>>> print(open('work.cif').read())   # mmCIF, C-alpha atoms
data_target
loop_
_atom_site.label_atom_id
_atom_site.label_comp_id
_atom_site.auth_asym_id
_atom_site.auth_seq_id
_atom_site.Cartn_x
_atom_site.Cartn_y
_atom_site.Cartn_z
CA MET A 1 -35.12 -30.00 -1.78
CA GLU A 2 -31.41 -30.78 -1.48
CA GLN A 3 -30.68 -28.84 -4.69
CA LYS A 4 -32.51 -25.78 -3.35
CA ASP A 5 -30.48 -25.91 -0.14
CA ASP A 6 -27.27 -26.10 -2.17
CA ASN A 7 -28.31 -23.15 -4.30
CA PHE A 8 -29.24 -21.14 -1.23
CA SER A 9 -25.90 -21.90 0.43
CA GLU A 10 -24.08 -20.94 -2.77
CA GLU A 11 -25.93 -17.61 -2.96
CA THR A 12 -25.17 -16.95 0.71
CA GLU A 13 -21.49 -17.66 0.14
CA ASP A 14 -21.48 -15.34 -2.90
CA GLU A 15 -22.98 -12.53 -0.86
CA THR A 16 -20.46 -13.11 1.95
CA LYS A 17 -17.48 -13.02 -0.43
CA ASN A 18 -18.77 -9.93 -2.19
CA GLN A 19 -19.28 -8.21 1.14
CA LYS A 20 -15.69 -9.05 2.14
CA ILE A 21 -14.27 -7.66 -1.09
CA SER A 22 -16.44 -4.55 -0.84
CA LYS A 23 -15.39 -4.05 2.76
CA ALA A 24 -11.71 -4.43 1.90
CA GLN A 25 -12.03 -1.95 -0.96
CA LYS A 26 -13.80 0.55 1.31
CA THR A 27 -11.13 0.10 3.98
CA SER A 28 -8.33 0.66 1.47
CA SER A 29 -10.15 3.71 0.14
CA LYS A 30 -10.47 5.15 3.65
CA LYS A 31 -6.77 4.56 4.35
CA SER A 32 -5.75 6.32 1.15
CA LYS A 33 -8.04 9.27 1.89
CA SER A 34 -6.62 9.60 5.39
CA GLN A 35 -3.09 9.62 4.00
CA THR A 36 -3.76 12.11 1.25
CA GLY A 37 -6.50 13.92 3.27
CA SER A 38 -6.15 17.41 1.92
CA SER A 39 -9.19 19.53 1.17
CA THR A 40 -7.42 21.02 -1.85
CA THR A 41 -6.94 17.64 -3.59
CA THR A 42 -8.80 17.51 -6.90
CA ASP A 43 -10.79 14.56 -8.22
CA HIS A 44 -8.22 14.08 -10.97
CA GLU A 45 -5.40 13.72 -8.45
CA VAL A 46 -7.38 11.24 -6.38
CA GLU A 47 -8.16 9.19 -9.47
CA ALA A 48 -4.49 9.21 -10.47
CA ARG A 49 -3.45 7.98 -7.04
CA PHE A 50 -5.88 5.08 -7.18
CA SER A 51 -5.10 4.05 -10.74
CA ARG A 52 -2.51 1.40 -9.97
CA ILE A 53 -4.43 -0.27 -7.17
CA LYS A 54 -7.52 -0.40 -9.38
CA LEU A 55 -5.49 -1.83 -12.22
CA PHE A 56 -4.07 -4.44 -9.86
CA GLU A 57 -7.56 -5.42 -8.71
CA LYS A 58 -8.78 -5.70 -12.31
CA VAL A 59 -5.80 -7.85 -13.27
CA MET A 60 -6.35 -10.14 -10.28
CA GLN A 61 -10.05 -10.43 -11.07
CA LYS A 62 -9.35 -11.22 -14.72
CA SER A 63 -6.72 -13.78 -13.76
CA LEU A 64 -9.18 -15.39 -11.38
CA GLU A 65 -11.82 -15.60 -14.10
CA ASN A 66 -9.33 -17.17 -16.52
CA PHE A 67 -8.25 -19.65 -13.88
CA VAL A 68 -11.84 -20.65 -13.13
CA GLU A 69 -12.50 -21.09 -16.84
CA LEU A 70 -9.66 -23.58 -17.00
CA ALA A 71 -11.31 -25.60 -14.25
CA SER A 72 -14.30 -26.33 -16.48
CA PHE A 73 -17.11 -28.69 -15.61
CA ASN A 74 -16.05 -31.09 -18.37
CA ARG A 75 -12.58 -31.42 -16.89
CA PHE A 76 -14.07 -31.87 -13.44
CA THR A 77 -16.45 -34.63 -14.60
CA SER A 78 -13.70 -36.33 -16.63
CA THR A 79 -11.70 -36.66 -13.41
CA PHE A 80 -14.65 -38.12 -11.54
CA ARG A 81 -16.34 -39.94 -14.42
CA PRO A 82 -17.74 -42.89 -12.42
CA LEU A 83 -19.35 -40.59 -9.85
CA TYR A 84 -20.75 -38.37 -12.55
CA LYS A 85 -22.40 -41.30 -14.30
CA LYS A 86 -24.08 -42.39 -11.08
CA ASN A 87 -25.48 -38.98 -10.15
CA PRO A 88 -24.92 -36.16 -12.70
CA GLN A 89 -27.06 -33.63 -10.81
CA ARG A 90 -25.22 -34.21 -7.58
CA MET A 91 -21.85 -33.86 -9.31
CA GLU A 92 -23.00 -30.59 -10.86
CA ASN A 93 -23.90 -29.24 -7.44
CA ILE A 94 -20.57 -30.40 -6.03
CA TYR A 95 -18.76 -28.70 -8.92
CA LYS A 96 -20.58 -25.40 -8.33
CA GLN A 97 -19.80 -25.53 -4.63
CA PHE A 98 -16.17 -26.37 -5.38
CA ILE A 99 -15.83 -23.43 -7.77
CA GLU A 100 -17.42 -20.98 -5.34
CA GLU A 101 -15.19 -22.11 -2.48
CA LEU A 102 -12.14 -21.96 -4.75
CA LYS A 103 -12.99 -18.44 -5.90
CA GLY A 104 -13.64 -17.37 -2.32
CA ALA A 105 -10.32 -18.76 -1.10
CA ILE A 106 -8.41 -17.04 -3.92
CA GLN A 107 -10.24 -13.76 -3.33
CA ASP A 108 -9.42 -13.97 0.39
CA ASP A 109 -5.75 -14.52 -0.49
CA ILE A 110 -5.79 -11.49 -2.79
CA ILE A 111 -7.33 -9.34 -0.06
CA ARG A 112 -4.77 -10.61 2.44
CA LEU A 113 -1.98 -9.91 -0.05
CA ILE A 114 -3.13 -6.31 -0.48
CA GLU A 115 -3.45 -5.71 3.25
CA GLU A 116 -0.34 -7.52 4.54
CA GLY A 117 1.91 -6.42 1.70
CA GLY A 118 0.84 -2.79 1.95
CA LEU A 119 0.35 -2.76 -1.81
CA GLU A 120 -2.06 0.13 -1.74
CA THR A 121 0.42 2.48 -0.05
CA LYS A 122 3.27 1.39 -2.30
CA LEU A 123 1.25 1.70 -5.49
CA ASN A 124 0.03 5.11 -4.40
CA GLU A 125 3.66 6.15 -3.87
CA LEU A 126 4.38 5.10 -7.44
CA ASP A 127 1.47 7.25 -8.60
CA LYS A 128 2.89 10.21 -6.70
CA LEU A 129 6.33 9.67 -8.24
CA GLU A 130 4.77 9.47 -11.68
CA ASN A 131 2.84 12.70 -11.15
CA ALA A 132 5.97 14.41 -9.84
CA ALA A 133 7.96 13.23 -12.85
CA LYS A 134 5.39 14.73 -15.22
CA SER A 135 6.10 18.21 -13.86
CA LYS A 136 9.84 17.91 -14.55
CA THR A 137 11.04 19.51 -17.76
CA ASP A 138 14.50 17.93 -17.75
CA PRO A 139 14.82 14.86 -19.95
CA ALA A 140 15.12 11.55 -18.17
CA TRP A 141 18.44 9.75 -18.13
CA ARG A 142 19.03 7.31 -20.97
CA PRO A 143 22.05 5.07 -21.56
CA SER A 144 24.47 6.41 -24.14
CA GLY A 145 25.55 3.00 -25.35
CA VAL A 146 29.09 3.46 -23.99
CA PRO A 147 29.39 1.58 -20.68
CA GLU A 148 32.35 3.68 -19.51
CA GLN A 149 30.45 6.93 -19.94
CA ASP A 150 27.30 5.52 -18.37
CA LEU A 151 29.29 4.27 -15.39
CA CYS A 152 31.01 7.64 -14.99
CA SER A 153 27.73 9.53 -15.28
CA PHE A 154 26.26 7.30 -12.60
CA LEU A 155 29.23 7.33 -10.21
CA MET A 156 30.39 10.93 -10.62
CA PRO A 157 27.48 12.48 -8.65
CA TYR A 158 28.12 10.00 -5.85
CA TYR A 159 31.85 10.74 -5.76
CA GLN A 160 31.17 14.47 -5.91
CA LYS A 161 28.88 14.20 -2.90
CA GLN A 162 31.53 12.18 -1.08
CA GLU A 163 34.17 14.76 -1.99
CA ALA A 164 32.00 17.61 -0.69
CA TYR A 165 31.36 15.66 2.50
CA MET A 166 35.06 14.95 3.00
CA LYS A 167 35.92 18.61 2.43
CA LEU A 168 33.38 19.64 5.02
CA GLU A 169 34.74 17.11 7.50
CA LEU A 170 38.30 18.27 6.75
CA LYS A 171 37.31 21.87 7.51
CA LYS A 172 35.80 20.74 10.80
CA ILE A 173 38.95 18.81 11.73
CA GLN A 174 41.17 21.74 10.76
CA ALA A 175 39.07 24.10 12.88
CA GLU A 176 39.31 21.67 15.81
CA ASN A 177 43.10 21.46 15.32
CA VAL A 178 43.37 25.25 15.34
CA ALA A 179 41.33 25.41 18.54
CA LEU A 180 43.52 22.73 20.14
CA ALA A 181 46.70 24.54 19.04
CA GLU A 182 45.43 27.75 20.61
CA LYS A 183 44.71 25.89 23.84
CA VAL A 184 48.21 24.39 23.78
CA LEU A 185 49.80 27.82 23.25
CA ALA A 186 47.69 29.26 26.05
CA GLY A 187 48.82 26.43 28.29
CA ARG A 188 52.46 26.99 27.40
CA GLU A 189 52.16 30.70 28.14
CA LEU A 190 50.60 29.86 31.50
CA LEU A 191 53.45 27.45 32.25
CA CYS A 192 56.02 30.11 31.29
CA GLN A 193 54.32 32.65 33.54
CA THR A 194 54.19 30.16 36.39
CA ASP A 195 57.87 29.29 35.88
CA HIS A 196 58.72 33.00 35.88
CA HIS A 197 56.79 33.54 39.08
CA ILE A 198 58.53 30.56 40.72
CA SER A 199 61.97 31.81 39.60
CA ALA A 200 61.19 35.30 40.93
CA ALA A 201 59.99 33.82 44.23
CA VAL A 202 63.20 31.74 44.50
CA GLU A 203 65.35 34.80 43.83
CA ASP A 204 63.47 36.78 46.45
CA LEU A 205 63.94 33.93 48.88
CA LYS A 206 67.70 33.84 48.16
CA VAL A 207 67.94 37.58 48.72
CA SER A 208 66.05 37.25 51.97
CA VAL A 209 68.34 34.43 53.12
CA THR A 210 71.45 36.47 52.22
CA ASP A 211 70.13 39.47 54.10
CA PHE A 212 69.33 37.29 57.08
CA GLU A 213 72.81 35.78 57.08
CA LYS A 214 74.37 39.25 56.91
CA LEU A 215 72.21 40.39 59.77
CA ALA A 216 73.05 37.31 61.78
CA SER A 217 76.78 37.74 61.18
CA ALA A 218 76.56 41.40 62.15
CA LEU A 219 74.79 40.56 65.38
CA SER A 220 76.93 37.58 66.36
CA PRO A 221 79.95 39.61 67.89
CA ASN A 222 77.64 41.51 70.20
CA VAL A 223 76.12 38.26 71.36
CA ASP A 224 79.61 36.81 72.24
CA VAL A 225 80.64 39.85 74.42
#
>>> encode(input="work.cif", output="structure tokens")
Amino acid sequence: MEQKDDNFSEETEDETKNQKISKAQKTSSKKSKSQTGSSTTTDHEVEARFSRIKLFEKVMQKSLENFVELASFNRFTSTFRPLYKKNPQRMENIYKQFIEELKGAIQDDIIRLIEEGGLETKLNELDKLENAAKSKTDPAWRPSGVPEQDLCSFLMPYYQKQEAYMKLELKKIQAENVALAEKVLAGRELLCQTDHHISAAVEDLKVSVTDFEKLASALSPNVDV
């Protein structure tokens, strides 16, 4: 009766783990479809975008199988030899439960790694880059074997971009300087005009004062009589 209960619990745990993995795969599939969600996307393009995530899942599954094979029942019983001799059937049930729980824990970690690390999105981006590279006719860059040339070929585009940026900034600064110079000239002209107006007003005032003095001197004898 105890063995049947153990087997039933093991089957239940298997179903639970499989449901978790299936749910995670469906969730990742829905996320990818929502990101790519174009009605014009072909089945071939969808398959290409999922290739790396599927390959990753297969690799993880194969690695898990190899790892479980290393934890064989013989190695397990050799570690617990006295207990195995007392009750072999019980030790076999314990081993099966241990393996199932170990596989479940590792599978949960793999699922968590995919979700928290955003591996699906990143691997899909790699697929997109690969597909985009296939459409390019230009040959990919390869090292020439001469470090100086490779360094120059790598740095020259960067320096050229910097040079173009500096030229553009220089033009902007020169245009600003020209605008400031025009403002300064306009200000100087305004100051000259103001100075001219002040000088003219002073001269008019002097003339008025002179005329007033002449008038006053002309009127002063009549006032004395």
>>> residues_around(input="work.cif", residues="range 55-60 of chain A", least_positions_apart="5", cutoff="10 Å", atoms="only C-alpha atoms", output="PyMOL selection string")
chain A and resi 25+50+65-66+106-107+110-111+114+119-120+123
>>> atom_distance(input="work.cif", atom1="CA of Tyr95 in chain A", atom2="CA of Thr77 in chain A")
8.5 Å
>>> atom_distance(input="work.cif", atom1="CA of Val68 in chain A", atom2="CA of Lys103 in chain A")
7.6 Å
>>> atom_distance(input="work.cif", atom1="CA of Pro157 in chain A", atom2="CA of Pro143 in chain A")
15.8 Å
